[in-house]
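So the structure is just underneath, and the comments pick up after that.
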Amino acid sequence: MKKKINTIVGSIGAFVGIFVFITYIPQIIANLNGIKGQPQQPLTAAVSCLIWVIYGWTKEPKKDYILIIPNTFGVVLGFLTFITAL
């Protein structure tokens, strides 16, 4: 029962995590249109997500895709937001 609850909560968390990083898209668009935002926060988020992706990828006995998938979105969109904010 605990494993089922853990899987459900983890899946919901991963789903919500993806939406957290999708919220960077309007900032990326604003950055590209010349309304620059602060680059520090998305860079920090991207580095944090990268650490979680590495952790999930190297987890034994099997990879932790509930960590890997949403944090991959964070790495890509965080770095993209950072780059466009420069």
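Chain identifiers are assigned as A, B, and so on, following the order in which chains appear in the structure tokens; residues are numbered from 1 within each chain, and ligands are numbered from 1 in order of appearance.
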
Might you pull out every residue within 7 Å of A:Phe82, with only C-alpha atoms counted and same-chain residues fewer than 6 positions away left off, and present them as a PyMOL selection string? chain A and resi 39+42-43

Please give the complete set of residues from stretch 13-42 of chain A that DSSP, run on the backbone, assigns to alpha helix (DSSP H), formatted as a ChimeraX atom specification. /A:13-22,24-32,40-42

Writing out the chosen residues with N, CA, C and O atoms as a PDB file, in the first residue's frame:
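See out33.pdb below for the written result:
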```
ATOM      1  N   GLY A  13       3.481  14.735  -8.209  1.00  0.00           N
ATOM      2  CA  GLY A  13       4.568  15.700  -8.030  1.00  0.00           C
ATOM      3  C   GLY A  13       5.338  15.928  -9.318  1.00  0.00           C
ATOM      4  O   GLY A  13       5.688  17.063  -9.651  1.00  0.00           O
ATOM      5  N   ALA A  14       5.599  14.884 -10.073  1.00  0.00           N
ATOM      6  CA  ALA A  14       6.311  15.023 -11.344  1.00  0.00           C
ATOM      7  C   ALA A  14       5.481  15.824 -12.341  1.00  0.00           C
ATOM      8  O   ALA A  14       6.002  16.698 -13.039  1.00  0.00           O
ATOM      9  N   PHE A  15       4.196  15.555 -12.392  1.00  0.00           N
ATOM     10  CA  PHE A  15       3.286  16.264 -13.294  1.00  0.00           C
ATOM     11  C   PHE A  15       3.249  17.754 -12.949  1.00  0.00           C
ATOM     12  O   PHE A  15       3.385  18.615 -13.814  1.00  0.00           O
ATOM     13  N   VAL A  16       3.109  18.061 -11.674  1.00  0.00           N
ATOM     14  CA  VAL A  16       3.088  19.459 -11.223  1.00  0.00           C
ATOM     15  C   VAL A  16       4.456  20.106 -11.480  1.00  0.00           C
ATOM     16  O   VAL A  16       4.534  21.267 -11.892  1.00  0.00           O
ATOM     17  N   GLY A  17       5.528  19.360 -11.261  1.00  0.00           N
ATOM     18  CA  GLY A  17       6.873  19.868 -11.495  1.00  0.00           C
ATOM     19  C   GLY A  17       7.079  20.313 -12.935  1.00  0.00           C
ATOM     20  O   GLY A  17       7.724  21.329 -13.202  1.00  0.00           O
ATOM     21  N   ILE A  18       6.525  19.573 -13.884  1.00  0.00           N
ATOM     22  CA  ILE A  18       6.625  19.960 -15.289  1.00  0.00           C
ATOM     23  C   ILE A  18       5.948  21.308 -15.503  1.00  0.00           C
ATOM     24  O   ILE A  18       6.490  22.186 -16.173  1.00  0.00           O
ATOM     25  N   PHE A  19       4.784  21.503 -14.910  1.00  0.00           N
ATOM     26  CA  PHE A  19       4.076  22.778 -15.065  1.00  0.00           C
ATOM     27  C   PHE A  19       4.815  23.940 -14.413  1.00  0.00           C
ATOM     28  O   PHE A  19       4.744  25.067 -14.897  1.00  0.00           O
ATOM     29  N   VAL A  20       5.529  23.668 -13.341  1.00  0.00           N
ATOM     30  CA  VAL A  20       6.331  24.718 -12.704  1.00  0.00           C
ATOM     31  C   VAL A  20       7.329  25.281 -13.711  1.00  0.00           C
ATOM     32  O   VAL A  20       7.502  26.493 -13.821  1.00  0.00           O
ATOM     33  N   PHE A  21       7.957  24.413 -14.481  1.00  0.00           N
ATOM     34  CA  PHE A  21       8.975  24.867 -15.418  1.00  0.00           C
ATOM     35  C   PHE A  21       8.383  25.371 -16.727  1.00  0.00           C
ATOM     36  O   PHE A  21       9.001  26.190 -17.405  1.00  0.00           O
ATOM     37  N   ILE A  22       7.185  24.949 -17.070  1.00  0.00           N
ATOM     38  CA  ILE A  22       6.503  25.489 -18.253  1.00  0.00           C
ATOM     39  C   ILE A  22       6.185  26.965 -18.038  1.00  0.00           C
ATOM     40  O   ILE A  22       6.124  27.731 -19.001  1.00  0.00           O
ATOM     41  N   TYR A  24       8.089  29.146 -17.249  1.00  0.00           N
ATOM     42  CA  TYR A  24       9.195  29.953 -17.761  1.00  0.00           C
ATOM     43  C   TYR A  24       8.940  30.438 -19.194  1.00  0.00           C
ATOM     44  O   TYR A  24       9.562  31.400 -19.638  1.00  0.00           O
ATOM     45  N   ILE A  25       8.073  29.783 -19.924  1.00  0.00           N
ATOM     46  CA  ILE A  25       7.869  30.108 -21.335  1.00  0.00           C
ATOM     47  C   ILE A  25       7.457  31.567 -21.552  1.00  0.00           C
ATOM     48  O   ILE A  25       8.037  32.233 -22.413  1.00  0.00           O
ATOM     49  N   PRO A  26       6.502  32.128 -20.793  1.00  0.00           N
ATOM     50  CA  PRO A  26       6.197  33.554 -20.993  1.00  0.00           C
ATOM     51  C   PRO A  26       7.398  34.464 -20.736  1.00  0.00           C
ATOM     52  O   PRO A  26       7.577  35.464 -21.434  1.00  0.00           O
ATOM     53  N   GLN A  27       8.249  34.105 -19.760  1.00  0.00           N
ATOM     54  CA  GLN A  27       9.442  34.914 -19.503  1.00  0.00           C
ATOM     55  C   GLN A  27      10.432  34.808 -20.658  1.00  0.00           C
ATOM     56  O   GLN A  27      11.066  35.789 -21.035  1.00  0.00           O
ATOM     57  N   ILE A  28      10.558  33.622 -21.234  1.00  0.00           N
ATOM     58  CA  ILE A  28      11.434  33.452 -22.397  1.00  0.00           C
ATOM     59  C   ILE A  28      10.940  34.329 -23.546  1.00  0.00           C
ATOM     60  O   ILE A  28      11.730  35.027 -24.189  1.00  0.00           O
ATOM     61  N   ILE A  29       9.636  34.320 -23.786  1.00  0.00           N
ATOM     62  CA  ILE A  29       9.049  35.140 -24.852  1.00  0.00           C
ATOM     63  C   ILE A  29       9.294  36.624 -24.571  1.00  0.00           C
ATOM     64  O   ILE A  29       9.690  37.381 -25.461  1.00  0.00           O
ATOM     65  N   ALA A  30       9.081  37.061 -23.324  1.00  0.00           N
ATOM     66  CA  ALA A  30       9.333  38.458 -22.951  1.00  0.00           C
ATOM     67  C   ALA A  30      10.809  38.807 -23.151  1.00  0.00           C
ATOM     68  O   ALA A  30      11.132  39.876 -23.668  1.00  0.00           O
ATOM     69  N   ASN A  31      11.700  37.906 -22.752  1.00  0.00           N
ATOM     70  CA  ASN A  31      13.131  38.145 -22.933  1.00  0.00           C
ATOM     71  C   ASN A  31      13.465  38.332 -24.410  1.00  0.00           C
ATOM     72  O   ASN A  31      14.235  39.220 -24.777  1.00  0.00           O
ATOM     73  N   LEU A  32      12.905  37.488 -25.251  1.00  0.00           N
ATOM     74  CA  LEU A  32      13.169  37.575 -26.685  1.00  0.00           C
ATOM     75  C   LEU A  32      12.592  38.847 -27.295  1.00  0.00           C
ATOM     76  O   LEU A  32      13.086  39.337 -28.308  1.00  0.00           O
ATOM     77  N   GLN A  40      19.404  35.221 -12.683  1.00  0.00           N
ATOM     78  CA  GLN A  40      19.933  34.404 -11.586  1.00  0.00           C
ATOM     79  C   GLN A  40      18.986  33.283 -11.167  1.00  0.00           C
ATOM     80  O   GLN A  40      19.424  32.154 -10.927  1.00  0.00           O
ATOM     81  N   GLN A  41      17.717  33.568 -11.028  1.00  0.00           N
ATOM     82  CA  GLN A  41      16.779  32.558 -10.535  1.00  0.00           C
ATOM     83  C   GLN A  41      16.653  31.377 -11.501  1.00  0.00           C
ATOM     84  O   GLN A  41      16.751  30.224 -11.071  1.00  0.00           O
ATOM     85  N   PRO A  42      16.437  31.599 -12.808  1.00  0.00           N
ATOM     86  CA  PRO A  42      16.345  30.436 -13.694  1.00  0.00           C
ATOM     87  C   PRO A  42      17.661  29.654 -13.800  1.00  0.00           C
ATOM     88  O   PRO A  42      17.637  28.431 -13.956  1.00  0.00           O
TER      89      PRO A  42
END
```

Do you know which residues are at most 12 Å from A:Asp64 counting only C-alpha atoms, after dropping those on the same chain fewer than 4 positions away, and could you put them as a list in words?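 Answer for this query is Thr7, Gly10, Ser11, Ala14, Trp52, Val53, Ile54, Tyr55, Gly56, Trp57, Thr58, Lys59, Glu60, Ile68, Ile69, Pro70 and Asn71 of chain A.
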
Store the residues picked out above, limited to C-alpha atoms, as a CSV table (one decimal), in the first residue's frame.
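Resulting contents of out_26.csv:
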```
chain,number,residue,atom,x,y,z
A,7,THR,CA,4.0,6.1,-6.8
A,10,GLY,CA,5.4,10.9,-6.9
A,11,SER,CA,3.6,10.9,-10.2
A,14,ALA,CA,6.3,15.0,-11.3
A,52,TRP,CA,18.4,16.0,-9.4
A,53,VAL,CA,18.6,14.6,-13.0
A,54,ILE,CA,22.0,13.2,-12.3
A,55,TYR,CA,20.8,11.8,-8.9
A,56,GLY,CA,17.8,10.1,-10.5
A,57,TRP,CA,19.9,8.8,-13.4
A,58,THR,CA,22.5,7.2,-11.1
A,59,LYS,CA,20.0,5.9,-8.5
A,60,GLU,CA,20.3,2.2,-7.8
A,68,ILE,CA,14.4,12.6,-14.1
A,69,ILE,CA,11.4,13.7,-16.3
A,70,PRO,CA,10.2,16.9,-14.6
A,71,ASN,CA,13.7,18.0,-13.7
```

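Straight-line separation from atom CA of A:Ile51 to atom CA of A:Ile66: 14.1 Å.
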
What is the atom CA of A:Ala85 to atom CA of A:Thr72 distance in Å? 19.8 Å

Rounded to one decimal, what separation in Å do you get between atom CA of A:Ala46 and atom CA of A:Phe79?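 Computing it gives 5.8 Å between the two atoms.
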
May I ask which of the residues A:Met1, A:Ile35, A:Leu77, A:Leu86 is the closest one to A:Cys49, counting only C-alpha atoms? A:Leu77
